[in-house]
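For reference, final28.cif (mmCIF, C-alpha atoms):
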```
data_query
loop_
_atom_site.label_atom_id
_atom_site.label_comp_id
_atom_site.auth_asym_id
_atom_site.auth_seq_id
_atom_site.Cartn_x
_atom_site.Cartn_y
_atom_site.Cartn_z
CA MET B 1 3.48 -12.61 53.93
CA LYS B 2 4.57 -10.08 51.34
CA ILE B 3 6.19 -11.39 48.20
CA PRO B 4 7.94 -9.33 45.54
CA VAL B 5 6.55 -9.70 42.02
CA ILE B 6 7.98 -6.95 39.75
CA ARG B 7 6.04 -7.82 36.62
CA ASN B 8 4.92 -5.40 33.93
CA ILE B 9 1.13 -5.28 33.94
CA LEU B 10 1.01 -5.04 30.15
CA GLU B 11 3.50 -7.91 29.68
CA ALA B 12 0.94 -10.18 27.99
CA ASN B 13 0.11 -7.49 25.43
CA ASP B 14 3.74 -6.45 24.99
CA GLN B 15 4.65 -10.07 24.29
CA LEU B 16 1.94 -10.41 21.62
CA ALA B 17 2.92 -7.08 20.10
CA ALA B 18 6.55 -8.22 19.91
CA GLU B 19 5.45 -11.41 18.15
CA ASN B 20 3.37 -9.39 15.68
CA LYS B 21 6.35 -7.15 15.10
CA SER B 22 8.68 -10.01 14.24
CA LEU B 23 6.03 -11.34 11.83
CA PHE B 24 5.92 -7.92 10.16
CA LYS B 25 9.73 -7.82 9.93
CA GLN B 26 9.86 -11.31 8.35
CA ASN B 27 7.47 -10.05 5.69
CA ASN B 28 9.37 -6.82 5.10
CA LEU B 29 6.32 -4.77 5.98
CA LEU B 30 5.92 -1.19 7.20
CA VAL B 31 3.19 -1.00 9.86
CA LEU B 32 1.55 2.23 11.03
CA ASN B 33 -0.82 2.58 14.00
CA LEU B 34 -3.16 5.46 13.16
CA MET B 35 -4.79 7.15 16.15
CA SER B 36 -7.01 10.19 16.81
CA SER B 37 -10.26 11.35 18.37
CA PRO B 38 -13.46 10.20 16.68
CA GLY B 39 -14.10 12.33 13.60
CA ALA B 40 -10.60 13.77 13.21
CA GLY B 41 -10.28 12.25 9.75
CA LYS B 42 -8.49 8.89 10.07
CA THR B 43 -10.56 7.09 7.45
CA THR B 44 -10.51 10.02 5.02
CA LEU B 45 -6.73 10.31 5.39
CA LEU B 46 -6.51 6.60 4.62
CA GLU B 47 -8.68 6.99 1.53
CA ARG B 48 -6.46 9.78 0.24
CA THR B 49 -3.31 7.83 1.08
CA ILE B 50 -4.54 4.72 -0.72
CA ASP B 51 -5.53 6.76 -3.81
CA ALA B 52 -2.08 8.32 -3.94
CA LEU B 53 0.03 5.24 -3.22
CA LYS B 54 -1.79 2.15 -4.39
CA ASP B 55 -0.04 2.09 -7.75
CA LYS B 56 3.34 2.25 -6.04
CA ILE B 57 2.95 -0.07 -3.04
CA ARG B 58 0.63 -2.86 -1.89
CA ILE B 59 -1.51 -1.71 1.03
CA GLY B 60 -3.56 -3.55 3.66
CA VAL B 61 -5.80 -1.99 6.30
CA ILE B 62 -7.11 -3.15 9.68
CA GLU B 63 -10.10 -1.07 10.73
CA GLY B 64 -10.82 -0.86 14.46
CA ASP B 65 -14.24 0.30 15.60
CA ILE B 66 -16.43 -0.39 18.58
CA GLN B 67 -19.35 -1.24 16.27
CA THR B 68 -20.25 -1.25 12.54
CA THR B 69 -18.31 -2.01 9.35
CA PHE B 70 -18.81 1.48 7.84
CA ASP B 71 -15.09 2.25 7.71
CA ALA B 72 -14.05 -1.12 6.29
CA GLU B 73 -16.66 -0.72 3.56
CA ARG B 74 -15.23 2.69 2.64
CA ILE B 75 -11.69 1.33 2.50
CA ALA B 76 -12.59 -1.91 0.68
CA LYS B 77 -14.11 0.21 -2.11
CA LYS B 78 -10.58 1.44 -2.79
CA GLY B 79 -9.59 -2.08 -3.74
CA VAL B 80 -7.17 -2.85 -0.90
CA ALA B 81 -7.19 -5.80 1.52
CA THR B 82 -9.28 -4.74 4.51
CA VAL B 83 -10.26 -6.41 7.78
CA GLN B 84 -12.70 -4.89 10.26
CA ILE B 85 -12.27 -5.52 13.97
CA ASN B 86 -15.28 -4.71 16.15
CA THR B 87 -14.11 -4.34 19.72
CA ASP B 88 -17.66 -4.53 21.16
CA GLY B 89 -17.06 -1.78 23.65
CA ALA B 90 -13.30 -1.82 24.12
CA CYS B 91 -11.81 1.62 23.62
CA HIS B 92 -8.60 0.55 21.87
CA LEU B 93 -7.04 -2.21 19.77
CA ASP B 94 -4.47 -4.47 21.37
CA GLY B 95 -1.88 -7.00 20.25
CA LYS B 96 -4.23 -9.95 20.50
CA MET B 97 -6.94 -8.40 18.29
CA ILE B 98 -4.33 -7.60 15.65
CA ARG B 99 -2.99 -11.14 15.84
CA TYR B 100 -6.45 -12.51 14.99
CA ALA B 101 -6.95 -10.02 12.17
CA LEU B 102 -3.57 -10.94 10.63
CA LYS B 103 -4.88 -14.42 9.84
CA GLU B 104 -7.03 -12.80 7.16
CA PHE B 105 -4.06 -11.33 5.28
CA ASP B 106 -1.34 -12.73 3.08
CA LEU B 107 1.37 -10.58 4.66
CA SER B 108 3.96 -11.49 2.04
CA SER B 109 1.80 -9.74 -0.57
CA LEU B 110 1.81 -6.39 1.28
CA ASP B 111 4.28 -3.51 1.62
CA LEU B 112 2.29 -1.33 4.02
CA LEU B 113 -0.23 -2.27 6.71
CA VAL B 114 -2.17 0.53 8.37
CA VAL B 115 -4.01 -0.17 11.61
CA GLU B 116 -6.77 2.39 12.07
CA ASN B 117 -7.33 2.41 15.81
CA VAL B 118 -10.58 3.10 17.65
CA GLY B 119 -11.31 6.83 17.77
CA ASN B 120 -9.98 7.85 21.19
CA LEU B 121 -7.22 10.24 22.22
CA VAL B 122 -6.29 8.38 25.41
CA CYS B 123 -6.28 4.60 25.62
CA PRO B 124 -4.79 3.48 22.27
CA ALA B 125 -1.52 5.18 23.22
CA GLU B 126 -0.96 2.66 26.04
CA PHE B 127 -1.23 -0.48 23.92
CA GLU B 128 1.42 -1.56 21.44
CA VAL B 129 0.17 -3.64 18.51
CA GLY B 130 3.59 -4.32 16.95
CA GLU B 131 3.68 -1.20 14.78
CA ASP B 132 6.79 0.56 13.49
CA TYR B 133 5.33 4.02 14.05
CA LYS B 134 2.41 5.60 15.85
CA ILE B 135 0.76 8.27 13.72
CA MET B 136 -1.79 10.68 15.16
CA ILE B 137 -4.21 13.17 13.69
CA LEU B 138 -5.48 16.26 15.46
CA SER B 139 -8.08 18.22 13.55
CA VAL B 140 -8.10 21.96 14.15
CA THR B 141 -11.80 21.87 15.04
CA GLU B 142 -10.92 19.91 18.19
CA GLY B 143 -9.17 22.99 19.56
CA ASP B 144 -5.56 24.03 20.00
CA ASP B 145 -5.51 23.14 23.71
CA LYS B 146 -5.41 19.38 23.11
CA PRO B 147 -1.67 18.55 23.26
CA PRO B 148 -1.24 19.30 27.00
CA LYS B 149 -4.61 17.72 27.76
CA TYR B 150 -3.72 14.39 26.11
CA PRO B 151 0.08 14.37 26.42
CA LEU B 152 0.66 10.62 26.26
CA MET B 153 -0.46 10.23 22.65
CA PHE B 154 1.57 13.25 21.53
CA SER B 155 4.56 11.85 23.40
CA LYS B 156 4.40 8.39 21.82
CA SER B 157 3.61 9.39 18.24
CA SER B 158 6.23 9.86 15.54
CA VAL B 159 4.01 11.93 13.26
CA LEU B 160 1.25 14.45 13.93
CA LEU B 161 -1.04 15.39 11.05
CA ILE B 162 -2.90 18.62 11.79
CA ASN B 163 -6.02 18.10 9.70
CA LYS B 164 -8.89 20.27 8.44
CA ILE B 165 -6.69 23.36 7.98
CA ASP B 166 -9.16 24.50 5.30
CA LEU B 167 -11.50 25.36 8.20
CA LEU B 168 -9.03 27.69 9.96
CA PRO B 169 -10.70 30.89 8.68
CA TYR B 170 -13.90 29.90 10.51
CA ILE B 171 -12.54 28.86 13.91
CA ASP B 172 -10.29 30.25 16.63
CA ALA B 173 -7.72 27.44 16.80
CA SER B 174 -4.09 28.38 16.17
CA VAL B 175 -1.87 25.92 14.30
CA GLU B 176 1.15 27.67 15.77
CA LYS B 177 -0.12 26.97 19.30
CA ILE B 178 -0.71 23.29 18.45
CA ARG B 179 2.80 23.03 17.01
CA ARG B 180 4.45 24.75 19.98
CA ALA B 181 2.65 22.67 22.61
CA SER B 182 3.18 19.40 20.72
CA VAL B 183 6.90 19.91 20.33
CA GLU B 184 7.23 20.77 24.01
CA ILE B 185 5.90 17.30 24.77
CA ASN B 186 7.74 15.55 21.95
CA PRO B 187 10.62 17.42 20.27
CA ASN B 188 11.04 14.63 17.70
CA LEU B 189 7.45 14.81 16.45
CA GLU B 190 7.18 15.34 12.69
CA ILE B 191 4.26 17.63 11.90
CA PHE B 192 2.31 17.94 8.64
CA GLU B 193 -0.45 20.50 8.14
CA VAL B 194 -3.08 19.02 5.85
CA SER B 195 -6.64 19.14 4.69
CA CYS B 196 -7.87 15.75 3.54
CA ARG B 197 -11.01 17.39 2.15
CA THR B 198 -9.23 19.84 -0.14
CA GLN B 199 -6.21 17.54 -0.50
CA THR B 200 -3.78 20.17 0.73
CA GLY B 201 -0.33 19.39 2.16
CA LEU B 202 -0.63 15.64 1.72
CA ASP B 203 2.37 15.12 -0.58
CA SER B 204 4.86 15.41 2.30
CA TRP B 205 2.90 12.76 4.20
CA PHE B 206 2.88 10.40 1.20
CA ASN B 207 6.64 10.88 0.83
CA TRP B 208 7.16 10.23 4.52
CA ILE B 209 5.51 6.83 4.07
CA LEU B 210 7.32 5.92 0.84
CA GLN B 211 10.70 6.71 2.39
CA ARG B 212 9.95 4.09 5.06
CA VAL B 213 8.48 1.25 3.02
CA PRO B 214 11.23 -1.40 2.96
CA LYS B 215 10.58 -2.69 -0.57
CA TYR B 216 10.21 0.79 -2.05
CA LYS B 217 13.43 1.94 -0.39
CA THR B 218 15.44 -0.90 -1.85
CA GLY B 219 14.14 -0.51 -5.25
CA MET L 1 -11.66 3.65 29.96
CA HIS L 2 -9.15 0.86 29.49
CA GLU L 3 -8.73 0.27 33.22
CA MET L 4 -10.89 -2.85 33.08
CA GLY L 5 -8.38 -4.51 30.75
CA ILE L 6 -5.56 -3.43 33.05
CA ALA L 7 -7.40 -4.83 36.09
CA LEU L 8 -7.87 -8.20 34.33
CA ASN L 9 -4.16 -8.28 33.44
CA ILE L 10 -3.26 -7.57 37.05
CA LEU L 11 -5.47 -10.39 38.30
CA ASP L 12 -4.00 -12.84 35.75
CA ILE L 13 -0.46 -12.10 36.93
CA VAL L 14 -1.45 -12.24 40.61
CA LYS L 15 -3.13 -15.64 40.11
CA GLN L 16 0.01 -17.01 38.43
CA GLU L 17 2.19 -15.76 41.28
CA MET L 18 -0.16 -17.16 43.93
CA ASP L 19 -0.18 -20.56 42.22
CA SER L 20 3.59 -20.63 42.19
CA TYR L 21 3.60 -19.98 45.96
CA GLY L 22 0.63 -22.29 46.63
CA ALA L 23 -1.10 -19.35 48.32
CA GLU L 24 -4.86 -19.25 48.83
CA LYS L 25 -5.62 -15.91 50.41
CA LEU L 26 -4.81 -12.63 48.76
CA ILE L 27 -4.64 -9.63 51.10
CA SER L 28 -3.23 -6.82 49.00
CA ILE L 29 -1.64 -5.89 45.69
CA CYS L 30 0.93 -3.12 45.45
CA LEU L 31 1.34 -1.41 42.06
CA VAL L 32 3.87 1.11 40.86
CA VAL L 33 2.30 3.56 38.42
CA GLY L 34 4.16 6.40 36.74
CA GLU L 35 2.65 9.85 36.57
CA PHE L 36 2.94 9.81 32.76
CA THR L 37 0.60 6.87 32.12
CA ALA L 38 -3.05 7.15 31.18
CA ILE L 39 -4.31 5.24 34.23
CA ALA L 40 -7.08 6.65 36.44
CA HIS L 41 -6.41 5.26 39.91
CA HIS L 42 -9.97 5.39 41.23
CA SER L 43 -11.25 3.72 38.09
CA LEU L 44 -8.68 0.93 38.38
CA THR L 45 -9.64 0.35 42.02
CA PHE L 46 -13.31 0.22 41.03
CA CYS L 47 -12.66 -2.29 38.20
CA LEU L 48 -10.67 -4.54 40.50
CA GLU L 49 -13.53 -4.48 43.01
CA ILE L 50 -15.98 -5.55 40.31
CA ILE L 51 -13.96 -8.43 38.90
CA THR L 52 -13.12 -9.84 42.34
CA LYS L 53 -16.66 -9.65 43.72
CA ASP L 54 -17.98 -13.07 44.78
CA THR L 55 -14.56 -14.62 44.18
CA PRO L 56 -11.90 -15.71 46.71
CA PHE L 57 -10.17 -12.39 45.99
CA GLU L 58 -13.08 -10.19 47.10
CA GLY L 59 -11.92 -7.43 49.44
CA VAL L 60 -8.34 -7.37 48.18
CA ARG L 61 -6.67 -4.05 48.99
CA LEU L 62 -5.06 -2.14 46.13
CA GLU L 63 -2.11 0.10 46.97
CA ILE L 64 -0.70 2.37 44.29
CA GLU L 65 2.70 4.01 44.53
CA GLN L 66 2.82 6.92 42.12
CA ILE L 67 6.19 7.74 40.57
CA PRO L 68 6.81 11.34 39.49
CA LEU L 69 7.73 12.27 35.94
CA ILE L 70 11.46 13.04 35.98
CA GLY L 71 13.57 13.98 32.99
CA ARG L 72 17.32 14.19 32.47
CA CYS L 73 18.82 16.67 30.03
CA ILE L 74 21.09 14.90 27.55
CA ASN L 75 22.94 18.17 27.06
CA CYS L 76 23.76 19.34 30.62
CA LYS L 77 22.71 16.25 32.66
CA ASN L 78 20.28 18.31 34.76
CA GLU L 79 17.61 16.13 36.38
CA PHE L 80 14.28 17.82 36.95
CA ALA L 81 10.58 17.21 37.53
CA ILE L 82 8.70 17.66 34.27
CA GLU L 83 5.74 19.89 35.01
CA GLY L 84 2.93 20.89 32.70
CA ASN L 85 4.23 18.47 30.04
CA ARG L 86 7.17 20.73 29.29
CA PHE L 87 9.92 18.37 28.14
CA ILE L 88 12.42 21.23 28.15
CA CYS L 89 15.50 21.49 30.38
CA THR L 90 14.91 23.88 33.26
CA LYS L 91 18.61 24.91 33.20
CA CYS L 92 19.76 25.07 29.58
CA SER L 93 16.39 24.98 27.72
CA SER L 94 17.51 21.99 25.64
CA LYS L 95 14.72 19.83 24.23
CA ALA L 96 16.83 16.67 24.25
CA ILE L 97 15.30 15.12 27.35
CA GLU L 98 15.28 11.47 28.35
CA THR L 99 12.52 10.36 30.65
CA ILE L 100 14.07 8.60 33.64
CA SER L 101 10.87 7.93 35.55
CA GLY L 102 7.15 8.38 35.23
CA ARG L 103 6.28 5.67 32.66
CA GLU L 104 6.18 2.73 35.11
CA LEU L 105 3.29 0.32 35.19
CA PHE L 106 4.09 -2.82 37.14
CA ILE L 107 3.11 -4.98 40.07
CA LYS L 108 5.66 -4.53 42.85
CA GLU L 109 4.47 -7.02 45.43
CA ILE L 110 1.48 -8.93 46.71
CA GLU L 111 0.57 -9.85 50.26
CA ILE L 112 -0.70 -13.38 50.70
CA ASP L 113 -1.60 -15.69 53.53
#
```
Rewritten as structure tokens:
Amino acid sequence: MKIPVIRNILEANDQLAAENKSLFKQNNLLVLNLMSSPGAGKTTLLERTIDALKDKIRIGVIEGDIQTTFDAERIAKKGVATVQINTDGACHLDGKMIRYALKEFDLSSLDLLVVENVGNLVCPAEFEVGEDYKIMILSVTEGDDKPPKYPLMFSKSSVLLINKIDLLPYIDASVEKIRRASVEINPNLEIFEVSCRTQTGLDSWFNWILQRVPKYKTG
Amino acid sequence: MHEMGIALNILDIVKQEMDSYGAEKLISICLVVGEFTAIAHHSLTFCLEIITKDTPFEGVRLEIEQIPLIGRCINCKNEFAIEGNRFICTKCSSKAIETISGRELFIKEIEID
């Protein structure tokens, strides 16, 4: 006997993500889900962002890694609330992991929570964690052919930071090609060209965040 | 890489449905999967095989209906297959495209005994 089911396979995660989201809303919190390949510069971008904004807004960070607490140690040195999640093999963070991590924060004392996802250009894009925006980094050393190879992440992100532009003189990647291919997939994508190492182009990114932090917006 | 998690979710939902029907034997699961999802079909089939081995669900057949990625132009209403990730209208070149299919990921039906 065949029986109809019609149930979303990710319904359990979507439900948890929706609950996280309403918790974030109650606490007037901006939440960003930061995604990229391993080594594209997520943690360095976070360090720069914290340095630039920590006197203006209160920041918390959830660090997702398969193993180690290296990243959380780097971020904690900056003096912001940090929780490390070790996924023990899983290639992405999901709503349930974030739910557990949230117990370690006093959400009412934060304005911005950044979730640094596991380094991976595929899987994290499929799993909502309750974020307001998905932010992705592509470093130019990864090559300018990546947008059409990993379209889902480009399609679901609101912001693309093209990082390591200080290395452009030494490699063959074209920023123009990355821009063109990314916008074909997602015309609404906001793109910033930056170098976290030389601290180039980051002011527009910092402003993008500030314009979206609820408490900062209202005064 | 995340297909194992997807396979576990599928099995959870199927078990709930079977309980509600009082069914004991599971013959097949039919999924609908959009073209624009990051799901590798062979990997999903493999994961389902592993997690059902030595259980009452061993040998369950997985059928996957793939749904093509179709966009509709907000400007001129043209509906077209999106090929090569080009979210650009094939008639008027507008970039205001809504995705009308291709993002599906759900269980359509199960066959039980």
The PyMOL selection byres ((chain L) within 6 of (chain B)) applied to the shown file, residues as a list in words
Ile10, Asn85, Arg86, Phe87, Phe106, Ile107, Lys108, Glu109, Ile110, Glu111, Ile112 and Asp113 of chain L
Using all atoms listed in the file, collect all residues at a distance of at most 12 Å from (-11.9, 6.8, 35.2) as written in the file, then present them as a VMD selection string.
(chain B and resid 122 to 123) or (chain L and resid 1 to 4 38 to 47)
Go ahead and save the picked residues with C-alpha atoms, as a JSON list (two decimals), in the frame of the given file.
```json
[["chain", "number", "residue", "atom", "x", "y", "z"],
["B", 122, "VAL", "CA", -6.29, 8.38, 25.41],
["B", 123, "CYS", "CA", -6.28, 4.60, 25.62],
["L", 1, "MET", "CA", -11.66, 3.65, 29.96],
["L", 2, "HIS", "CA", -9.15, 0.86, 29.49],
["L", 3, "GLU", "CA", -8.73, 0.27, 33.22],
["L", 4, "MET", "CA", -10.89, -2.85, 33.08],
["L", 38, "ALA", "CA", -3.05, 7.15, 31.18],
["L", 39, "ILE", "CA", -4.31, 5.24, 34.23],
["L", 40, "ALA", "CA", -7.08, 6.65, 36.44],
["L", 41, "HIS", "CA", -6.41, 5.26, 39.91],
["L", 42, "HIS", "CA", -9.97, 5.39, 41.23],
["L", 43, "SER", "CA", -11.25, 3.72, 38.09],
["L", 44, "LEU", "CA", -8.68, 0.93, 38.38],
["L", 45, "THR", "CA", -9.64, 0.35, 42.02],
["L", 46, "PHE", "CA", -13.31, 0.22, 41.03],
["L", 47, "CYS", "CA", -12.66, -2.29, 38.20]]
```
On this file, the PyMOL selection byres ((chain L and resi 61) around 9) gives some set of residues; write that set as an mmCIF file with C-alpha atoms, in the coordinates of the input.
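Output file out34.cif follows:
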```cif
data_model
loop_
_atom_site.group_PDB
_atom_site.id
_atom_site.type_symbol
_atom_site.label_atom_id
_atom_site.label_comp_id
_atom_site.auth_asym_id
_atom_site.auth_seq_id
_atom_site.Cartn_x
_atom_site.Cartn_y
_atom_site.Cartn_z
ATOM 1 C CA LEU L 26 -4.810 -12.630 48.760
ATOM 2 C CA ILE L 27 -4.640 -9.630 51.100
ATOM 3 C CA SER L 28 -3.230 -6.820 49.000
ATOM 4 C CA ILE L 29 -1.640 -5.890 45.690
ATOM 5 C CA CYS L 30 0.930 -3.120 45.450
ATOM 6 C CA THR L 45 -9.640 0.350 42.020
ATOM 7 C CA GLY L 59 -11.920 -7.430 49.440
ATOM 8 C CA VAL L 60 -8.340 -7.370 48.180
ATOM 9 C CA LEU L 62 -5.060 -2.140 46.130
ATOM 10 C CA GLU L 63 -2.110 0.100 46.970
#
```
Find the residues near L:Glu104: any atom within 8 Å, counting all atoms listed in the file, skip ones fewer than 2 places away on the same chain, and give them as a PyMOL selection string.
chain L and resi 32-34+37+67+101-102+106
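Atom to atom, atom CA of B:Leu189 and atom CA of B:Leu30 stand 18.5 Å apart.
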Quick check on the file I pasted: which residues fall under the PyMOL selection byres ((chain B and resi 61) around 8)? Write them as a PyMOL selection string.
chain B and resi 59-60+62-63+75+80-83+113-116
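Among the candidates L:Ile64, L:Cys89, L:Ile97, L:Leu48, the one nearest to L:Leu11 when counting all atoms listed in the file is L:Leu48.
Atom CA of B:Leu167 to atom CA of B:Val118 spans 24.2 Å [interatomic distance, one decimal].
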Residue with the minimum atom-to-atom distance to L:Ile88, picked from L:Glu17, L:Ile100, L:Ile74, L:Lys25 with all atoms listed in the file counted, is L:Ile74
Straight-line distance linking atom CA of B:Lys56 with atom CA of B:Asn207, stated in Å to one decimal
11.5 Å
What's the 9 Å shell around stretch 162-165 of chain B, counting all atoms listed in the file, without same-chain residues fewer than 4 positions away, as a PyMOL selection string?
chain B and resi 40-41+45+136-141+169+175+178-179+191-198+200
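Proximity to B:Asp144 at 6 Å, evaluated using all atoms listed in the file and with sequence-adjacent residues fewer than 2 positions away removed, yields Lys146, Ala173, Ser174 and Ile178 of chain B.
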Using only C-alpha atoms, which protein or nucleic acid residues come within 8 Å of L:Phe80? Drop anything in the same chain fewer than 6 positions from it, and give the result as a PyMOL selection string.
chain L and resi 70-72+89-90
